[in-house]
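What follows is one structure encoded as structure tokens, with my remarks underneath.
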Amino acid sequence: MYIVQWLRESKVRIRQDGMTGAKRSLQPVKNKLISLGDVLTDSGRPIYEFDWDLLVILDACRLDLMREVADEYEWIEDLGSIRSVNSATAAWMRDTFVQSYREEMAETSYVCGNPFSESQLRAGDFAELAEIWQSAWVEPGTVPPEAITDETIRRMRDSDTERVIAHYMQPHCPFLDADDLSKGKELDNFGDQEWRDVWEKLSDGSLEKQEVWEGYRHNLRAGLDEVETLLNNVDADRVIVTSDHGNALGEWTVYGHPGDMPFDCLRTVPWIETDATDSKTRDPEDWTANEADAGRTEQLHALGYR
């Protein structure tokens with residue numbers, strides 16, 4: 001069924017965009033072939049192999065991107081790195097939350113901004129799975145970092161769960177202050193609309209690498225600013241700030257973050273160790289009371305997934 005759909009969509013792309021459309025249709029085939037090499041590389045270290053009270057995930061954060069802004073934050077005293085278990089969020093969840101860590105998962109509250117939690121995670125495996133994307137989805141198609149901060153503060157102040165994960169969407173596109181970089185145009189006129197995300201635009205030359213990098217970096221700052229607020233409003237002796245995966249900007253002709261990729265730009269992610277003290281400077285809003293603005297499919301499309 002997938003092959004039939006792929007052939008149909010490829011035909012439309014090629015008719016409309018010629019060689020550009022053909023290259024776009026062949027990209028997932030090429031990525032699949034590249035992913036076969038993943039079995040020959042370091043599989044990475046799951047986050048449950050480490051000791052932490054609060055784990056902060058900055059979705060899709062490259063190590064070199066973090067290096068550019070780390071000096072702006074006093075709480076980042078030592079920026080290290082680890083190899084992630086995968087190169088895309090759905091696959092990272094699949095490879096992280098496995099039955100061998102069921103005891104640790106049962107003691108974990110997961111405040112999640114990424115819609116892949118619905119297909120990859122089971123609420124019953126966690127002390128609490130708070131899928132904030134269901135109620136805090138906003139334009140230009142993401143979960144604002146304030147929502148993850150507020151919901152994590154509320155839960156850490158009100159409960160004594162052994163471990164907490166705060167999964168921010170930033171710096172993942174769309175970029176909050178440069179949403180024009182992340183919005184595309186309609187390519188296929190049959191059925192569902194299809195939009196080019198920022199990485200596809202970079203791949204086909206519609207965007208310059210420097211303007212994408214600047215938007216990406218600014219989006220990371222938006223996330224880090226909220227992480228700083230979080231660290232001043234919860235108590236945790238052992239805090240880890242890291243990422244699930246990075247993004248490729250043309251390395252080995254790959255753009256974005258396909259799953260099961262072996263490349264360092266996608267798998268080597270930041271690793272920051274710190275602590276947190278609740279100074280009560282934030283009165284958190286309850287983001288779970290809102291109605292979701294869009295379904296999961298539209299949410300994933302807004303994030304660039306197909």
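Numbering starts fresh at 1 for the residues of each chain in the structure tokens, the chains themselves are lettered A, B, ... in the order given, and ligands are numbered from 1 as they appear.
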
Selection: 7 Å around range 128-132 of chain A, only C-alpha atoms, excl. self and same-chain fewer than 4 positions, as a PyMOL selection string: chain A and resi 108-113+123+136+288

Would you mind exporting N, CA, C and O atoms of the selected residues as a short mmCIF file (atom, residue, chain, number, x, y, z; two decimals), in the first residue's frame?
data_model
loop_
_atom_site.label_atom_id
_atom_site.label_comp_id
_atom_site.auth_asym_id
_atom_site.auth_seq_id
_atom_site.Cartn_x
_atom_site.Cartn_y
_atom_site.Cartn_z
N THR A 108 8.69 7.31 36.45
CA THR A 108 8.97 8.50 35.64
C THR A 108 7.68 9.21 35.25
O THR A 108 6.75 8.59 34.74
N SER A 109 7.64 10.53 35.47
CA SER A 109 6.60 11.38 34.90
C SER A 109 7.17 12.03 33.65
O SER A 109 8.22 12.68 33.70
N TYR A 110 6.49 11.85 32.52
CA TYR A 110 6.99 12.33 31.24
C TYR A 110 6.07 13.45 30.75
O TYR A 110 4.92 13.23 30.40
N VAL A 111 6.59 14.69 30.74
CA VAL A 111 5.87 15.85 30.22
C VAL A 111 6.33 16.02 28.78
O VAL A 111 7.45 16.48 28.52
N CYS A 112 5.47 15.67 27.82
CA CYS A 112 5.92 15.50 26.43
C CYS A 112 5.24 16.49 25.49
O CYS A 112 4.02 16.59 25.44
N GLY A 113 6.06 17.18 24.69
CA GLY A 113 5.54 18.09 23.68
C GLY A 113 5.50 17.51 22.29
O GLY A 113 5.02 18.16 21.37
N ALA A 123 0.77 5.04 28.16
CA ALA A 123 0.65 5.77 29.42
C ALA A 123 0.85 4.86 30.62
O ALA A 123 1.44 5.26 31.64
N ALA A 136 -1.80 22.09 24.01
CA ALA A 136 -1.01 23.33 23.96
C ALA A 136 -0.47 23.61 22.56
O ALA A 136 0.54 24.29 22.43
N THR A 288 -3.14 22.18 30.36
CA THR A 288 -3.95 21.01 30.04
C THR A 288 -5.42 21.33 29.93
O THR A 288 -6.21 20.50 29.47
#

Sel. of alpha helix (DSSP H) residues, range 75-250 of chain A, as a ChimeraX atom specification: /A:89-96,102-106,117-120,145-158,198-203,209-231

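The closest residue to Glu214 in chain A, picked from A:Asp160, A:Leu65, A:Trp137, A:Leu249 and counting only C-alpha atoms, is A:Leu65.
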
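The residue that comes closest to Trp287 in chain A, out of A:Ala236, A:Ala147, A:Val269, A:Leu224 and on the basis of only C-alpha atoms, is A:Ala147.
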
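Shortest atom-to-atom contact with Thr277 in chain A among A:Leu220, A:Leu121, A:Ala248, A:Asp237: A:Asp237, counting only C-alpha atoms.
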
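From CA of Pro270 in chain A back to CA of Leu63 in chain A, the distance works out to 5.0 Å.
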